[in-house]
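**Q** This is the structure I have questions about; it appears just below.
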Amino acid sequence: MILCMSDSPLHALVLSHVGFEDLGTLRDPLLNRGFTIDSVEAASSAFPFDAAAASDLLVVLGGPIGVYEQFDYPFLKNEIAAIANRLDAGKPTLGICLGAQLIAASLGAAVYPGKNGKEIGWAPINPAPQTTLPEWFKPLVAPGLNVLHWHTDTFDLPVGATLLASTEHSLNQAFTYGASALGLQFHPEVTAVDLESWYVGHAAELDQAGLSIRDLRVAAELYAPQLEMASREFWNQWLDYIL
């Protein structure tokens, strides 16, 4: 057990980068455990350093920018510093997509555009060889399960981290650091309904990549319901583990 339970409600701080990438299927498992949830735009001029340090869980979500673009987006430095502070303290921290890349960067690993280009669409993740997967992660590698991938960048595995999963496109898809930090390059949190906002928000990117929104929608209708069920099982087991 990592957190000390008390009569006070648990608090989750969510750092978001675009409004339509949110907690998705993670929201209900948090609320069911009595969490209060505050969502803050990471680009805010008043970056919540104190809340990031004090929260029982920090969740860093995705976004269409690169960790290495700190000259254009200086708030990224604040995120890296806040994450590094939590990791030093061994406090539960979750990063999804850009969030996972920020965790990697906070641990000194390089983040850069993947040599294979964009990875957008539905595909399974493969368990890392020679790694004993935690029980809580196994729902995401169930036979026949496809998860959503939506990224251009990748990262080196941080020193001291444990790789959990890969794809043929991207080696580092999921990793843990210590007992309480989890980085997920893919998106386990999405639902088919919520993805409608993604198609609008990422319209220019999809057009530039020559990807069909209709094809993505058909794939989501096929694969998202199974992912939603697997993700809820995964979230519940992972929260039981870190709490």
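Going by the structure tokens order, chains are called A, B, ..., each with residues numbered from 1, while ligands are numbered from 1 in the order shown.
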Quick one: everything within 8 Å of Ile103 (chain A), counting only C-alpha atoms, minus sequence neighbours fewer than 3 positions away in the same chain. Send it as a list in words.

**A**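 The residues satisfying every condition are Ile80, Ile83, Ala84, Gly95, Gly99, Ala100, Ser106, Leu107 and Gly183 of chain A.
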
**Q** For those residues, write N, CA and C atoms to a file as a PDB file, in the first residue's frame.

**A**
ATOM      1  N   ILE A  80       7.576  19.179 -16.162  1.00  0.00           N
ATOM      2  CA  ILE A  80       8.695  18.266 -15.928  1.00  0.00           C
ATOM      3  C   ILE A  80       9.191  18.405 -14.495  1.00  0.00           C
ATOM      4  N   ILE A  83       6.594  16.861 -12.079  1.00  0.00           N
ATOM      5  CA  ILE A  83       6.613  15.401 -12.146  1.00  0.00           C
ATOM      6  C   ILE A  83       7.860  14.856 -11.458  1.00  0.00           C
ATOM      7  N   ALA A  84       9.008  15.468 -11.723  1.00  0.00           N
ATOM      8  CA  ALA A  84      10.249  15.006 -11.092  1.00  0.00           C
ATOM      9  C   ALA A  84      10.152  15.079  -9.577  1.00  0.00           C
ATOM     10  N   GLY A  95       0.933   9.174 -16.490  1.00  0.00           N
ATOM     11  CA  GLY A  95       1.067   9.962 -17.704  1.00  0.00           C
ATOM     12  C   GLY A  95       0.539   9.194 -18.891  1.00  0.00           C
ATOM     13  N   GLY A  99       1.789  12.849 -21.590  1.00  0.00           N
ATOM     14  CA  GLY A  99       2.075  12.697 -20.168  1.00  0.00           C
ATOM     15  C   GLY A  99       3.140  11.658 -19.900  1.00  0.00           C
ATOM     16  N   ALA A 100       3.107  10.545 -20.641  1.00  0.00           N
ATOM     17  CA  ALA A 100       4.137   9.522 -20.489  1.00  0.00           C
ATOM     18  C   ALA A 100       5.490  10.051 -20.941  1.00  0.00           C
ATOM     19  N   SER A 106      11.247  13.751 -17.339  1.00  0.00           N
ATOM     20  CA  SER A 106      11.555  14.123 -15.955  1.00  0.00           C
ATOM     21  C   SER A 106      12.577  13.174 -15.340  1.00  0.00           C
ATOM     22  N   LEU A 107      12.696  11.978 -15.928  1.00  0.00           N
ATOM     23  CA  LEU A 107      13.676  10.988 -15.458  1.00  0.00           C
ATOM     24  C   LEU A 107      14.963  11.028 -16.273  1.00  0.00           C
ATOM     25  N   GLY A 183       3.609   5.216 -17.027  1.00  0.00           N
ATOM     26  CA  GLY A 183       3.551   5.945 -18.279  1.00  0.00           C
ATOM     27  C   GLY A 183       2.938   5.078 -19.362  1.00  0.00           C
TER      28      GLY A 183
END

**Q** Please identify every residue of region 44-147 of chain A that has at least one atom no farther than 12 Å from an atom of region 5-29 of chain A, counting only C-alpha atoms, and for each give the shortest atom pair and the distance in Å to one decimal, arranged by chain then increasing number, as CSV.

**A**
residue,atom,partner,partner_atom,distance
A:Ser44,CA,A:His17,CA,9.8
A:Phe47,CA,A:Leu15,CA,9.7
A:Pro48,CA,A:Leu13,CA,9.2
A:Phe49,CA,A:Leu13,CA,10.7
A:Asp50,CA,A:Leu13,CA,10.7
A:Ala51,CA,A:Leu13,CA,7.1
A:Ala52,CA,A:Leu13,CA,6.5
A:Ala53,CA,A:Leu13,CA,9.6
A:Ala54,CA,A:His11,CA,8.6
A:Ser55,CA,A:His11,CA,5.4
A:Asp56,CA,A:His11,CA,5.3
A:Leu57,CA,A:Ala12,CA,4.7
A:Leu58,CA,A:Leu13,CA,5.0
A:Val59,CA,A:Val14,CA,4.7
A:Val60,CA,A:Leu15,CA,4.8
A:Leu61,CA,A:Ser16,CA,5.3
A:Gly62,CA,A:Glu21,CA,6.5
A:Gly63,CA,A:His17,CA,5.2
A:Pro64,CA,A:His17,CA,8.1
A:Ile65,CA,A:His17,CA,8.8
A:Gly66,CA,A:His17,CA,11.5
A:Tyr73,CA,A:His17,CA,11.0
A:Phe75,CA,A:His17,CA,10.5
A:Leu76,CA,A:His17,CA,10.3
A:Asn78,CA,A:Leu15,CA,11.2
A:Glu79,CA,A:Leu15,CA,8.5
A:Ile80,CA,A:Leu15,CA,11.7
A:Ala82,CA,A:Leu15,CA,10.8
A:Ile83,CA,A:Leu15,CA,10.8
A:Lys91,CA,A:Ala12,CA,11.7
A:Pro92,CA,A:Ala12,CA,9.8
A:Thr93,CA,A:Ala12,CA,9.8
A:Leu94,CA,A:Val14,CA,9.5
A:Gly95,CA,A:Leu15,CA,9.5
A:Ile96,CA,A:Leu23,CA,9.8
A:Cys97,CA,A:Glu21,CA,10.4
A:Leu98,CA,A:His17,CA,9.0
A:Gly99,CA,A:Leu15,CA,8.7
A:Leu102,CA,A:Leu15,CA,11.4

**Q** Identify, on the basis of only C-alpha atoms, every residue whose closest approach to Glu221 (chain A) does not exceed 12 Å; exclude the query and any residue fewer than 3 positions from it along the same chain; express the result as a list in words.

**A**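 The residues satisfying every condition are Trp122, Asn146, Leu148, Val190, Thr191, Ala192, Val193, Asp194, Leu195, Glu196, Arg214, Asp215, Leu216, Arg217, Val218, Ala224, Pro225, Gln226, Leu227 and Glu228 of chain A.
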
**Q** Kindly indicate which residue among A:Ala161, A:His149, A:Ala105, A:Leu182 lies nearest to Trp235 (chain A), using only C-alpha atoms for the distances.

**A** A:Leu182

**Q** Mind listing the strand (DSSP E or B) residues of region 73-240 of chain A, per DSSP on the backbone, as an NGL selection string?

**A** :A and (93-96 or 111-113 or 119-123 or 126-127 or 147-151 or 153-155 or 161-166 or 174-177 or 181-184 or 187)

**Q** Include C-alpha atoms and write out the residues we just selected as a PDB file, in the first residue's frame.

**A**
ATOM      1  CA  THR A  93       1.757   9.677 -10.984  1.00  0.00           C
ATOM      2  CA  LEU A  94       0.112   8.695 -14.262  1.00  0.00           C
ATOM      3  CA  GLY A  95       1.067   9.962 -17.704  1.00  0.00           C
ATOM      4  CA  ILE A  96      -0.851   9.240 -20.915  1.00  0.00           C
ATOM      5  CA  VAL A 111      11.957  12.354 -26.202  1.00  0.00           C
ATOM      6  CA  TYR A 112      11.934  12.759 -29.991  1.00  0.00           C
ATOM      7  CA  PRO A 113       9.899  12.180 -33.168  1.00  0.00           C
ATOM      8  CA  GLU A 119       1.073   5.904 -35.061  1.00  0.00           C
ATOM      9  CA  ILE A 120      -2.642   6.655 -35.266  1.00  0.00           C
ATOM     10  CA  GLY A 121      -5.268   3.935 -35.138  1.00  0.00           C
ATOM     11  CA  TRP A 122      -6.232   0.741 -33.360  1.00  0.00           C
ATOM     12  CA  ALA A 123      -3.802  -2.098 -32.694  1.00  0.00           C
ATOM     13  CA  ASN A 126       2.478  -6.714 -26.877  1.00  0.00           C
ATOM     14  CA  PRO A 127       3.825  -7.679 -23.433  1.00  0.00           C
ATOM     15  CA  VAL A 147      -6.094  -0.065 -28.044  1.00  0.00           C
ATOM     16  CA  LEU A 148      -5.973   3.412 -29.521  1.00  0.00           C
ATOM     17  CA  HIS A 149      -2.648   4.849 -30.623  1.00  0.00           C
ATOM     18  CA  TRP A 150      -2.369   8.551 -31.481  1.00  0.00           C
ATOM     19  CA  HIS A 151       1.145   9.935 -31.383  1.00  0.00           C
ATOM     20  CA  ASP A 153       6.830  11.191 -30.716  1.00  0.00           C
ATOM     21  CA  THR A 154       8.486   8.446 -28.759  1.00  0.00           C
ATOM     22  CA  PHE A 155      11.107   8.259 -26.007  1.00  0.00           C
ATOM     23  CA  ALA A 161      12.101   2.028 -15.416  1.00  0.00           C
ATOM     24  CA  THR A 162      10.456  -1.294 -16.261  1.00  0.00           C
ATOM     25  CA  LEU A 163       9.052  -1.756 -19.756  1.00  0.00           C
ATOM     26  CA  LEU A 164       5.591  -3.350 -19.815  1.00  0.00           C
ATOM     27  CA  ALA A 165       4.514  -3.289 -23.458  1.00  0.00           C
ATOM     28  CA  SER A 166       5.516  -2.454 -27.017  1.00  0.00           C
ATOM     29  CA  ALA A 174       4.059   1.371 -21.301  1.00  0.00           C
ATOM     30  CA  PHE A 175       6.440   1.524 -18.360  1.00  0.00           C
ATOM     31  CA  THR A 176       6.519   1.764 -14.615  1.00  0.00           C
ATOM     32  CA  TYR A 177       8.963   3.621 -12.434  1.00  0.00           C
ATOM     33  CA  ALA A 181       4.539   5.930 -11.508  1.00  0.00           C
ATOM     34  CA  LEU A 182       2.990   4.680 -14.742  1.00  0.00           C
ATOM     35  CA  GLY A 183       3.551   5.945 -18.279  1.00  0.00           C
ATOM     36  CA  LEU A 184       1.246   4.886 -21.118  1.00  0.00           C
ATOM     37  CA  HIS A 187      -4.749   5.751 -24.913  1.00  0.00           C
TER      38      HIS A 187
END

**Q** Write out as an NGL selection string which residues come within 12 Å of Glu135 (chain A) when counting only C-alpha atoms, dropping same-chain ones fewer than 2 positions away.

**A** :A and (132-133 or 137-142 or 164 or 233-238 or 240-241)

**Q** Let's have the selection written as a CSV table (one decimal), in the first residue's frame, with N, CA and C atoms.

**A**
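Wrote result12.csv, looks like this:
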chain,number,residue,atom,x,y,z
A,132,THR,N,7.8,-9.8,-16.1
A,132,THR,CA,6.6,-10.4,-15.4
A,132,THR,C,5.6,-9.2,-15.2
A,133,LEU,N,4.5,-9.3,-16.0
A,133,LEU,CA,3.6,-8.2,-16.0
A,133,LEU,C,2.8,-8.2,-14.6
A,137,PHE,N,-2.0,-4.9,-15.0
A,137,PHE,CA,-1.8,-4.5,-16.4
A,137,PHE,C,-2.4,-5.5,-17.4
A,138,LYS,N,-2.6,-6.7,-16.9
A,138,LYS,CA,-2.9,-7.8,-17.9
A,138,LYS,C,-4.2,-7.6,-18.6
A,139,PRO,N,-5.3,-6.9,-18.1
A,139,PRO,CA,-6.4,-6.6,-18.9
A,139,PRO,C,-6.1,-5.9,-20.3
A,140,LEU,N,-5.1,-5.1,-20.3
A,140,LEU,CA,-4.8,-4.4,-21.5
A,140,LEU,C,-4.0,-5.2,-22.6
A,141,VAL,N,-3.6,-6.4,-22.2
A,141,VAL,CA,-2.9,-7.2,-23.2
A,141,VAL,C,-3.7,-8.5,-23.4
A,142,ALA,N,-5.0,-8.5,-23.2
A,142,ALA,CA,-5.8,-9.6,-23.4
A,142,ALA,C,-5.9,-10.0,-24.9
A,164,LEU,N,6.7,-2.4,-19.9
A,164,LEU,CA,5.6,-3.4,-19.8
A,164,LEU,C,5.1,-3.8,-21.2
A,233,GLU,N,-11.5,-2.4,-15.9
A,233,GLU,CA,-10.9,-3.5,-15.1
A,233,GLU,C,-9.5,-3.1,-14.7
A,234,PHE,N,-8.8,-2.6,-15.7
A,234,PHE,CA,-7.4,-2.1,-15.5
A,234,PHE,C,-7.3,-1.0,-14.5
A,235,TRP,N,-8.1,0.0,-14.7
A,235,TRP,CA,-8.1,1.2,-13.8
A,235,TRP,C,-8.4,0.8,-12.4
A,236,ASN,N,-9.4,0.0,-12.2
A,236,ASN,CA,-9.8,-0.4,-10.9
A,236,ASN,C,-8.7,-1.2,-10.2
A,237,GLN,N,-8.1,-2.1,-10.9
A,237,GLN,CA,-7.0,-2.9,-10.3
A,237,GLN,C,-5.8,-2.1,-10.0
A,238,TRP,N,-5.5,-1.1,-10.9
A,238,TRP,CA,-4.3,-0.3,-10.7
A,238,TRP,C,-4.5,0.7,-9.6
A,240,ASP,N,-6.5,0.1,-7.0
A,240,ASP,CA,-6.4,-0.7,-5.8
A,240,ASP,C,-4.9,-1.0,-5.4
A,241,TYR,N,-4.0,-1.1,-6.4
A,241,TYR,CA,-2.6,-1.3,-6.2
A,241,TYR,C,-1.9,-0.1,-5.6

**Q** How far is it from CA of Ala179 (chain A) to CA of Ala81 (chain A), in Å with one decimal?

**A**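 Atom-to-atom, CA of Ala179 (chain A) to CA of Ala81 (chain A), that is 19.6 Å.
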
**Q** If you measure from CA of Ser39 (chain A) to CA of Pro74 (chain A), what distance in Å do you get, rounded to one decimal?

**A** 19.5 Å

**Q** For the alpha helix (DSSP H) assignment from backbone DSSP, which residues of region 37-138 of chain A qualify? Please present them as an MDAnalysis selection string.

**A** chainID A and resid 49:54 75:89 98:106

**Q** For a test of reading the model, state the distance in Å between CA of Ala89 (chain A) and CA of Trp136 (chain A), rounded to one decimal.

**A**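 Between CA of Ala89 (chain A) and CA of Trp136 (chain A) the gap is 22.6 Å.
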